[in-house]
file query07.cif (mmCIF, N, CA, C and O atoms)
data_input
#
loop_
_atom_site.label_atom_id
_atom_site.label_comp_id
_atom_site.auth_asym_id
_atom_site.auth_seq_id
_atom_site.Cartn_x
_atom_site.Cartn_y
_atom_site.Cartn_z
N MET A 1 49.48 42.70 -31.94
CA MET A 1 48.41 41.70 -31.90
C MET A 1 48.05 41.33 -30.46
O MET A 1 46.92 41.03 -30.16
N GLY A 2 49.02 41.38 -29.57
CA GLY A 2 48.78 41.03 -28.19
C GLY A 2 47.75 41.91 -27.53
O GLY A 2 46.91 41.45 -26.77
N ASP A 3 47.84 43.22 -27.80
CA ASP A 3 46.88 44.15 -27.20
C ASP A 3 45.46 43.78 -27.59
O ASP A 3 44.56 43.77 -26.75
N LEU A 4 45.25 43.47 -28.85
CA LEU A 4 43.92 43.12 -29.34
C LEU A 4 43.43 41.81 -28.72
O LEU A 4 42.29 41.72 -28.29
N SER A 5 44.33 40.86 -28.63
CA SER A 5 43.98 39.57 -28.02
C SER A 5 43.62 39.75 -26.55
O SER A 5 42.65 39.16 -26.05
N ASN A 6 44.40 40.58 -25.85
CA ASN A 6 44.13 40.82 -24.43
C ASN A 6 42.81 41.55 -24.24
O ASN A 6 42.05 41.25 -23.32
N LYS A 7 42.53 42.52 -25.11
CA LYS A 7 41.27 43.24 -25.02
C LYS A 7 40.09 42.30 -25.28
O LYS A 7 39.05 42.38 -24.62
N ALA A 8 40.25 41.41 -26.26
CA ALA A 8 39.19 40.44 -26.56
C ALA A 8 38.95 39.51 -25.37
O ALA A 8 37.80 39.23 -25.02
N GLN A 9 40.04 39.06 -24.73
CA GLN A 9 39.89 38.18 -23.56
C GLN A 9 39.23 38.94 -22.42
O GLN A 9 38.38 38.39 -21.72
N GLU A 10 39.60 40.20 -22.23
CA GLU A 10 39.00 40.99 -21.17
C GLU A 10 37.50 41.20 -21.42
O GLU A 10 36.68 41.08 -20.51
N LEU A 11 37.15 41.48 -22.67
CA LEU A 11 35.74 41.67 -23.02
C LEU A 11 34.95 40.39 -22.81
O LEU A 11 33.85 40.41 -22.25
N ALA A 12 35.51 39.27 -23.26
CA ALA A 12 34.84 37.98 -23.06
C ALA A 12 34.65 37.70 -21.58
O ALA A 12 33.60 37.19 -21.15
N GLY A 13 35.65 38.05 -20.79
CA GLY A 13 35.54 37.87 -19.33
C GLY A 13 34.43 38.73 -18.75
O GLY A 13 33.68 38.28 -17.88
N LYS A 14 34.31 39.96 -19.23
CA LYS A 14 33.24 40.84 -18.75
C LYS A 14 31.87 40.26 -19.08
O LYS A 14 30.95 40.30 -18.26
N VAL A 15 31.75 39.73 -20.29
CA VAL A 15 30.48 39.13 -20.72
C VAL A 15 30.14 37.93 -19.85
O VAL A 15 29.02 37.80 -19.35
N LYS A 16 31.12 37.05 -19.63
CA LYS A 16 30.89 35.88 -18.78
C LYS A 16 30.52 36.30 -17.36
O LYS A 16 29.60 35.74 -16.76
N GLU A 17 31.26 37.26 -16.84
CA GLU A 17 31.00 37.72 -15.48
C GLU A 17 29.59 38.28 -15.35
O GLU A 17 28.85 37.97 -14.42
N LYS A 18 29.19 39.10 -16.31
CA LYS A 18 27.85 39.70 -16.27
C LYS A 18 26.78 38.62 -16.43
O LYS A 18 25.75 38.64 -15.73
N ALA A 19 27.01 37.68 -17.35
CA ALA A 19 26.04 36.60 -17.55
C ALA A 19 25.89 35.77 -16.28
O ALA A 19 24.78 35.42 -15.88
N GLY A 20 27.01 35.47 -15.64
CA GLY A 20 26.97 34.72 -14.39
C GLY A 20 26.26 35.48 -13.29
O GLY A 20 25.50 34.92 -12.51
N ASP A 21 26.48 36.80 -13.27
CA ASP A 21 25.83 37.65 -12.28
C ASP A 21 24.31 37.68 -12.50
O ASP A 21 23.54 37.55 -11.56
N LEU A 22 23.91 37.82 -13.75
CA LEU A 22 22.48 37.90 -14.07
C LEU A 22 21.74 36.59 -13.83
O LEU A 22 20.57 36.59 -13.46
N THR A 23 22.43 35.47 -14.06
CA THR A 23 21.78 34.16 -13.92
C THR A 23 22.02 33.53 -12.55
O THR A 23 21.46 32.48 -12.26
N GLY A 24 22.87 34.16 -11.74
CA GLY A 24 23.18 33.57 -10.44
C GLY A 24 24.16 32.42 -10.53
O GLY A 24 24.31 31.65 -9.59
N ASN A 25 24.84 32.28 -11.66
CA ASN A 25 25.80 31.20 -11.87
C ASN A 25 27.18 31.67 -11.39
O ASN A 25 27.90 32.39 -12.09
N GLU A 26 27.54 31.27 -10.20
CA GLU A 26 28.80 31.72 -9.60
C GLU A 26 30.02 31.19 -10.35
O GLU A 26 31.05 31.85 -10.42
N ARG A 27 29.91 29.97 -10.89
CA ARG A 27 31.02 29.39 -11.65
C ARG A 27 31.33 30.25 -12.87
O ARG A 27 32.48 30.60 -13.14
N LEU A 28 30.30 30.62 -13.62
CA LEU A 28 30.48 31.44 -14.82
C LEU A 28 31.00 32.83 -14.44
O LEU A 28 31.89 33.36 -15.11
N LYS A 29 30.48 33.38 -13.38
CA LYS A 29 30.96 34.67 -12.91
C LYS A 29 32.44 34.59 -12.54
O LYS A 29 33.23 35.47 -12.92
N GLY A 30 32.84 33.55 -11.86
CA GLY A 30 34.24 33.35 -11.49
C GLY A 30 35.14 33.17 -12.70
O GLY A 30 36.26 33.69 -12.74
N GLU A 31 34.65 32.43 -13.70
CA GLU A 31 35.43 32.26 -14.93
C GLU A 31 35.66 33.61 -15.60
O GLU A 31 36.74 33.89 -16.11
N GLY A 32 34.63 34.42 -15.62
CA GLY A 32 34.75 35.74 -16.22
C GLY A 32 35.77 36.60 -15.49
O GLY A 32 36.58 37.29 -16.11
N GLN A 33 35.73 36.55 -14.16
CA GLN A 33 36.69 37.32 -13.37
C GLN A 33 38.11 36.82 -13.64
O GLN A 33 39.04 37.62 -13.76
N ALA A 34 38.27 35.51 -13.74
CA ALA A 34 39.59 34.93 -14.02
C ALA A 34 40.08 35.34 -15.41
O ALA A 34 41.26 35.68 -15.58
N ASP A 35 39.19 35.32 -16.38
CA ASP A 35 39.56 35.74 -17.73
C ASP A 35 40.02 37.20 -17.75
O ASP A 35 41.02 37.54 -18.37
N ARG A 36 39.28 38.04 -17.06
CA ARG A 36 39.64 39.46 -17.01
C ARG A 36 40.98 39.65 -16.32
O ARG A 36 41.83 40.42 -16.78
N GLY A 37 41.18 38.95 -15.22
CA GLY A 37 42.45 39.05 -14.50
C GLY A 37 43.63 38.58 -15.33
O GLY A 37 44.68 39.21 -15.36
N GLY A 38 43.43 37.48 -16.03
CA GLY A 38 44.49 36.95 -16.89
C GLY A 38 44.85 37.91 -18.01
O GLY A 38 46.02 38.10 -18.34
N ALA A 39 43.83 38.54 -18.58
CA ALA A 39 44.07 39.51 -19.66
C ALA A 39 44.85 40.71 -19.13
O ALA A 39 45.77 41.20 -19.80
N LYS A 40 44.52 41.16 -17.94
CA LYS A 40 45.22 42.31 -17.37
C LYS A 40 46.68 41.97 -17.07
O LYS A 40 47.57 42.79 -17.30
N VAL A 41 46.94 40.77 -16.58
CA VAL A 41 48.31 40.35 -16.30
C VAL A 41 49.11 40.27 -17.59
O VAL A 41 50.25 40.76 -17.66
N LYS A 42 48.52 39.68 -18.63
CA LYS A 42 49.22 39.57 -19.91
C LYS A 42 49.49 40.95 -20.50
O LYS A 42 50.56 41.19 -21.07
N GLN A 43 48.54 41.86 -20.36
CA GLN A 43 48.72 43.22 -20.89
C GLN A 43 49.83 43.94 -20.12
O GLN A 43 50.65 44.62 -20.72
N ALA A 44 49.88 43.77 -18.81
CA ALA A 44 50.93 44.39 -18.01
C ALA A 44 52.30 43.85 -18.42
O ALA A 44 53.27 44.62 -18.54
N ALA A 45 52.40 42.55 -18.66
CA ALA A 45 53.66 41.96 -19.09
C ALA A 45 54.07 42.50 -20.46
O ALA A 45 55.25 42.79 -20.69
N ALA A 46 53.12 42.66 -21.36
CA ALA A 46 53.41 43.22 -22.68
C ALA A 46 53.88 44.67 -22.56
O ALA A 46 54.81 45.10 -23.26
N ASP A 47 53.26 45.43 -21.66
CA ASP A 47 53.67 46.82 -21.45
C ASP A 47 55.10 46.90 -20.93
O ASP A 47 55.88 47.74 -21.37
N VAL A 48 55.45 46.02 -20.00
CA VAL A 48 56.81 46.00 -19.46
C VAL A 48 57.80 45.62 -20.57
O VAL A 48 58.86 46.24 -20.71
N ARG A 49 57.45 44.61 -21.34
CA ARG A 49 58.32 44.18 -22.45
C ARG A 49 58.55 45.34 -23.42
O ARG A 49 59.69 45.61 -23.83
N ASP A 50 57.49 46.05 -23.77
CA ASP A 50 57.61 47.18 -24.70
C ASP A 50 58.48 48.29 -24.11
O ASP A 50 59.31 48.88 -24.81
N ALA A 51 58.32 48.55 -22.83
CA ALA A 51 59.12 49.59 -22.17
C ALA A 51 60.59 49.19 -22.15
O ALA A 51 61.47 50.03 -22.41
N MET A 52 60.87 47.93 -21.86
CA MET A 52 62.25 47.47 -21.82
C MET A 52 62.88 47.49 -23.20
O MET A 52 64.07 47.80 -23.35
N THR A 53 62.11 47.20 -24.22
CA THR A 53 62.62 47.28 -25.59
C THR A 53 62.99 48.72 -25.92
O THR A 53 64.04 48.97 -26.51
N GLY A 54 62.17 49.66 -25.50
CA GLY A 54 62.47 51.08 -25.72
C GLY A 54 63.73 51.50 -25.00
O GLY A 54 64.56 52.24 -25.56
N VAL A 55 63.92 51.05 -23.79
CA VAL A 55 65.13 51.38 -23.02
C VAL A 55 66.36 50.79 -23.72
O VAL A 55 67.37 51.47 -23.87
N ALA A 56 66.26 49.55 -24.15
CA ALA A 56 67.39 48.90 -24.82
C ALA A 56 67.74 49.63 -26.11
O ALA A 56 68.92 49.84 -26.41
N ASP A 57 66.73 50.05 -26.86
CA ASP A 57 66.97 50.78 -28.11
C ASP A 57 67.66 52.12 -27.84
O ASP A 57 68.58 52.52 -28.56
N ARG A 58 67.23 52.82 -26.78
CA ARG A 58 67.87 54.10 -26.44
C ARG A 58 69.32 53.89 -25.99
O ARG A 58 70.20 54.67 -26.34
N LEU A 59 69.55 52.82 -25.24
CA LEU A 59 70.92 52.52 -24.81
C LEU A 59 71.82 52.21 -26.01
O LEU A 59 72.95 52.69 -26.08
N LYS A 60 71.31 51.43 -26.93
CA LYS A 60 72.08 51.11 -28.12
C LYS A 60 72.42 52.37 -28.90
O LYS A 60 73.55 52.55 -29.37
N GLY A 61 71.45 53.27 -29.03
CA GLY A 61 71.68 54.53 -29.73
C GLY A 61 72.71 55.38 -29.01
O GLY A 61 73.59 55.98 -29.66
N ALA A 62 72.66 55.45 -27.71
CA ALA A 62 73.62 56.24 -26.94
C ALA A 62 75.01 55.66 -27.06
O ALA A 62 76.00 56.39 -27.22
N LEU A 63 75.13 54.35 -26.99
CA LEU A 63 76.43 53.70 -27.10
C LEU A 63 77.01 53.88 -28.50
O LEU A 63 78.21 54.10 -28.66
N LYS A 64 76.15 53.82 -29.50
CA LYS A 64 76.62 54.00 -30.88
C LYS A 64 77.14 55.42 -31.07
O LYS A 64 78.17 55.63 -31.71
N ARG A 65 76.46 56.42 -30.52
CA ARG A 65 76.90 57.81 -30.66
C ARG A 65 78.25 58.01 -29.96
O ARG A 65 79.09 58.77 -30.43
N ASN A 66 78.44 57.31 -28.84
CA ASN A 66 79.70 57.43 -28.11
C ASN A 66 80.86 56.77 -28.86
O ASN A 66 82.01 57.14 -28.69
N ASP A 67 80.57 55.77 -29.68
CA ASP A 67 81.59 55.09 -30.45
C ASP A 67 82.08 55.95 -31.62
O ASP A 67 83.20 55.78 -32.09
N ASP A 68 81.24 56.85 -32.08
CA ASP A 68 81.60 57.67 -33.25
C ASP A 68 82.56 58.72 -32.92
O ASP A 68 83.38 59.07 -32.43
#

call {"tool": "encode", "arguments": {"input": "query07.cif", "output": "structure tokens"}}
result
Amino acid sequence: MGDLSNKAQELAGKVKEKAGDLTGNERLKGEGQADRGGAKVKQAAADVRDAMTGVADRLKGALKRNDD
């Protein structure tokens, strides 16, 4: 669910940024950039979490095989 939420936030940020750019509204453009940046940071954190979960699972499997 996180990936979808992050993609939605990134898309909303792009829309805000483009709207701010088209209307000359720097505040809206900045909000859009911030939204996009926040979504990218959250996605990177989720990717790291997923990678670490995979490493932990492989370690558990290796340790279990060694116990047998």

call {"tool": "residues_around", "arguments": {"input": "query07.cif", "residues": "stretch 25-37 of chain A", "least_positions_apart": "6", "cutoff": "6 Å", "atoms": "all atoms listed in the file", "output": "list in words"}}
result
Gln9, Glu10, Ala12, Gly13, Lys14, Lys16, Glu17, Lys18 and Ala19 of chain A

call {"tool": "write_last_selection", "arguments": {"input": "query07.cif", "atoms": "N, CA, C and O atoms", "output": "PDB file, keeping the file's coordinate frame"}}
result
ATOM      1  N   GLN A   9      40.040  39.060 -24.730  1.00  0.00           N
ATOM      2  CA  GLN A   9      39.890  38.180 -23.560  1.00  0.00           C
ATOM      3  C   GLN A   9      39.230  38.940 -22.420  1.00  0.00           C
ATOM      4  O   GLN A   9      38.380  38.390 -21.720  1.00  0.00           O
ATOM      5  N   GLU A  10      39.600  40.200 -22.230  1.00  0.00           N
ATOM      6  CA  GLU A  10      39.000  40.990 -21.170  1.00  0.00           C
ATOM      7  C   GLU A  10      37.500  41.200 -21.420  1.00  0.00           C
ATOM      8  O   GLU A  10      36.680  41.080 -20.510  1.00  0.00           O
ATOM      9  N   ALA A  12      35.510  39.270 -23.260  1.00  0.00           N
ATOM     10  CA  ALA A  12      34.840  37.980 -23.060  1.00  0.00           C
ATOM     11  C   ALA A  12      34.650  37.700 -21.580  1.00  0.00           C
ATOM     12  O   ALA A  12      33.600  37.190 -21.150  1.00  0.00           O
ATOM     13  N   GLY A  13      35.650  38.050 -20.790  1.00  0.00           N
ATOM     14  CA  GLY A  13      35.540  37.870 -19.330  1.00  0.00           C
ATOM     15  C   GLY A  13      34.430  38.730 -18.750  1.00  0.00           C
ATOM     16  O   GLY A  13      33.680  38.280 -17.880  1.00  0.00           O
ATOM     17  N   LYS A  14      34.310  39.960 -19.230  1.00  0.00           N
ATOM     18  CA  LYS A  14      33.240  40.840 -18.750  1.00  0.00           C
ATOM     19  C   LYS A  14      31.870  40.260 -19.080  1.00  0.00           C
ATOM     20  O   LYS A  14      30.950  40.300 -18.260  1.00  0.00           O
ATOM     21  N   LYS A  16      31.120  37.050 -19.630  1.00  0.00           N
ATOM     22  CA  LYS A  16      30.890  35.880 -18.780  1.00  0.00           C
ATOM     23  C   LYS A  16      30.520  36.300 -17.360  1.00  0.00           C
ATOM     24  O   LYS A  16      29.600  35.740 -16.760  1.00  0.00           O
ATOM     25  N   GLU A  17      31.260  37.260 -16.840  1.00  0.00           N
ATOM     26  CA  GLU A  17      31.000  37.720 -15.480  1.00  0.00           C
ATOM     27  C   GLU A  17      29.590  38.280 -15.350  1.00  0.00           C
ATOM     28  O   GLU A  17      28.850  37.970 -14.420  1.00  0.00           O
ATOM     29  N   LYS A  18      29.190  39.100 -16.310  1.00  0.00           N
ATOM     30  CA  LYS A  18      27.850  39.700 -16.270  1.00  0.00           C
ATOM     31  C   LYS A  18      26.780  38.620 -16.430  1.00  0.00           C
ATOM     32  O   LYS A  18      25.750  38.640 -15.730  1.00  0.00           O
ATOM     33  N   ALA A  19      27.010  37.680 -17.350  1.00  0.00           N
ATOM     34  CA  ALA A  19      26.040  36.600 -17.550  1.00  0.00           C
ATOM     35  C   ALA A  19      25.890  35.770 -16.280  1.00  0.00           C
ATOM     36  O   ALA A  19      24.780  35.420 -15.880  1.00  0.00           O
TER      37      ALA A  19
END

call {"tool": "atom_distance", "arguments": {"input": "query07.cif", "atom1": "atom CA of A:Ala45", "atom2": "atom CA of A:Ala62"}}
result
25.8 Å

call {"tool": "atom_distance", "arguments": {"input": "query07.cif", "atom1": "atom CA of A:Ala39", "atom2": "atom CA of A:Ser5"}}
result
8.4 Å

call {"tool": "atom_distance", "arguments": {"input": "query07.cif", "atom1": "atom CA of A:Leu22", "atom2": "atom CA of A:Gln43"}}
result
27.6 Å

call {"tool": "decode", "arguments": {"input": "query07.cif", "residues": "stretch 28-64 of chain A", "atoms": "N, CA, C and O atoms", "output": "compact mmCIF listing (two decimals), in the first residue's frame"}}
result
# COMPACT_ATOMS: atom_id res chain seq x y z
N LEU A 28 2.54 27.53 -4.52
CA LEU A 28 1.97 26.27 -4.98
C LEU A 28 3.04 25.40 -5.65
O LEU A 28 3.10 24.19 -5.42
N LYS A 29 3.88 26.03 -6.42
CA LYS A 29 4.97 25.30 -7.06
C LYS A 29 5.89 24.69 -6.00
O LYS A 29 6.28 23.52 -6.10
N GLY A 30 6.22 25.44 -4.98
CA GLY A 30 7.05 24.94 -3.89
C GLY A 30 6.41 23.81 -3.12
O GLY A 30 7.07 22.84 -2.74
N GLU A 31 5.09 23.92 -2.89
CA GLU A 31 4.37 22.84 -2.21
C GLU A 31 4.45 21.56 -3.04
O GLU A 31 4.63 20.46 -2.50
N GLY A 32 4.30 21.70 -4.32
CA GLY A 32 4.38 20.54 -5.20
C GLY A 32 5.75 19.89 -5.16
O GLY A 32 5.87 18.66 -5.10
N GLN A 33 6.78 20.72 -5.17
CA GLN A 33 8.15 20.18 -5.10
C GLN A 33 8.37 19.48 -3.76
O GLN A 33 8.99 18.41 -3.72
N ALA A 34 7.85 20.05 -2.69
CA ALA A 34 7.98 19.44 -1.36
C ALA A 34 7.23 18.11 -1.31
O ALA A 34 7.74 17.13 -0.75
N ASP A 35 6.04 18.07 -1.88
CA ASP A 35 5.27 16.83 -1.91
C ASP A 35 6.02 15.74 -2.67
O ASP A 35 6.09 14.59 -2.22
N ARG A 36 6.58 16.10 -3.80
CA ARG A 36 7.33 15.13 -4.60
C ARG A 36 8.56 14.64 -3.84
O ARG A 36 8.86 13.44 -3.82
N GLY A 37 9.26 15.56 -3.21
CA GLY A 37 10.45 15.18 -2.44
C GLY A 37 10.10 14.26 -1.27
O GLY A 37 10.79 13.27 -1.03
N GLY A 38 9.03 14.59 -0.59
CA GLY A 38 8.60 13.75 0.54
C GLY A 38 8.22 12.35 0.09
O GLY A 38 8.55 11.36 0.76
N ALA A 39 7.55 12.26 -1.05
CA ALA A 39 7.16 10.95 -1.57
C ALA A 39 8.39 10.13 -1.93
O ALA A 39 8.45 8.92 -1.66
N LYS A 40 9.38 10.77 -2.51
CA LYS A 40 10.60 10.05 -2.89
C LYS A 40 11.35 9.56 -1.66
O LYS A 40 11.88 8.45 -1.65
N VAL A 41 11.40 10.36 -0.61
CA VAL A 41 12.08 9.96 0.62
C VAL A 41 11.35 8.77 1.25
O VAL A 41 11.98 7.79 1.67
N LYS A 42 10.02 8.85 1.31
CA LYS A 42 9.25 7.74 1.88
C LYS A 42 9.43 6.47 1.06
O LYS A 42 9.53 5.37 1.62
N GLN A 43 9.47 6.60 -0.25
CA GLN A 43 9.65 5.42 -1.11
C GLN A 43 11.04 4.82 -0.90
O GLN A 43 11.18 3.60 -0.84
N ALA A 44 12.05 5.66 -0.77
CA ALA A 44 13.41 5.16 -0.53
C ALA A 44 13.47 4.42 0.80
O ALA A 44 14.09 3.35 0.90
N ALA A 45 12.82 4.95 1.83
CA ALA A 45 12.79 4.28 3.13
C ALA A 45 12.08 2.94 3.04
O ALA A 45 12.52 1.95 3.63
N ALA A 46 10.99 2.88 2.29
CA ALA A 46 10.27 1.62 2.10
C ALA A 46 11.13 0.61 1.36
O ALA A 46 11.14 -0.59 1.69
N ASP A 47 11.88 1.07 0.37
CA ASP A 47 12.77 0.18 -0.38
C ASP A 47 13.85 -0.40 0.52
O ASP A 47 14.16 -1.59 0.43
N VAL A 48 14.42 0.43 1.38
CA VAL A 48 15.45 -0.04 2.32
C VAL A 48 14.84 -1.05 3.28
O VAL A 48 15.43 -2.10 3.55
N ARG A 49 13.67 -0.74 3.80
CA ARG A 49 12.99 -1.66 4.73
C ARG A 49 12.75 -3.02 4.06
O ARG A 49 13.03 -4.07 4.63
N ASP A 50 12.27 -2.99 2.82
CA ASP A 50 12.02 -4.24 2.09
C ASP A 50 13.31 -5.02 1.86
O ASP A 50 13.34 -6.25 2.00
N ALA A 51 14.37 -4.32 1.52
CA ALA A 51 15.66 -4.99 1.30
C ALA A 51 16.17 -5.62 2.59
O ALA A 51 16.67 -6.75 2.57
N MET A 52 16.04 -4.90 3.69
CA MET A 52 16.51 -5.44 4.98
C MET A 52 15.67 -6.63 5.41
O MET A 52 16.20 -7.58 5.99
N THR A 53 14.39 -6.61 5.12
CA THR A 53 13.54 -7.75 5.44
C THR A 53 14.00 -8.97 4.64
O THR A 53 14.08 -10.08 5.17
N GLY A 54 14.34 -8.77 3.38
CA GLY A 54 14.84 -9.86 2.55
C GLY A 54 16.14 -10.42 3.08
O GLY A 54 16.34 -11.65 3.12
N VAL A 55 17.03 -9.57 3.52
CA VAL A 55 18.32 -10.01 4.08
C VAL A 55 18.07 -10.81 5.36
O VAL A 55 18.65 -11.88 5.56
N ALA A 56 17.20 -10.32 6.21
CA ALA A 56 16.89 -11.01 7.47
C ALA A 56 16.28 -12.38 7.19
O ALA A 56 16.64 -13.37 7.85
N ASP A 57 15.39 -12.46 6.21
CA ASP A 57 14.78 -13.74 5.87
C ASP A 57 15.82 -14.74 5.35
O ASP A 57 15.79 -15.92 5.70
N ARG A 58 16.76 -14.26 4.52
CA ARG A 58 17.81 -15.14 4.01
C ARG A 58 18.72 -15.62 5.14
O ARG A 58 19.14 -16.77 5.17
N LEU A 59 19.02 -14.72 6.07
CA LEU A 59 19.86 -15.10 7.21
C LEU A 59 19.17 -16.15 8.07
O LEU A 59 19.79 -17.13 8.49
N LYS A 60 17.89 -15.96 8.31
CA LYS A 60 17.14 -16.93 9.09
C LYS A 60 17.16 -18.29 8.42
O LYS A 60 17.34 -19.33 9.06
N GLY A 61 16.97 -18.30 7.10
CA GLY A 61 16.99 -19.55 6.35
C GLY A 61 18.35 -20.21 6.41
O GLY A 61 18.45 -21.44 6.58
N ALA A 62 19.42 -19.46 6.30
CA ALA A 62 20.76 -20.01 6.35
C ALA A 62 21.05 -20.57 7.73
O ALA A 62 21.64 -21.65 7.86
N LEU A 63 20.66 -19.86 8.77
CA LEU A 63 20.89 -20.33 10.12
C LEU A 63 20.08 -21.59 10.41
O LEU A 63 20.57 -22.52 11.08
N LYS A 64 18.87 -21.64 9.90
CA LYS A 64 18.03 -22.83 10.11
C LYS A 64 18.65 -24.04 9.43
O LYS A 64 18.67 -25.13 9.99
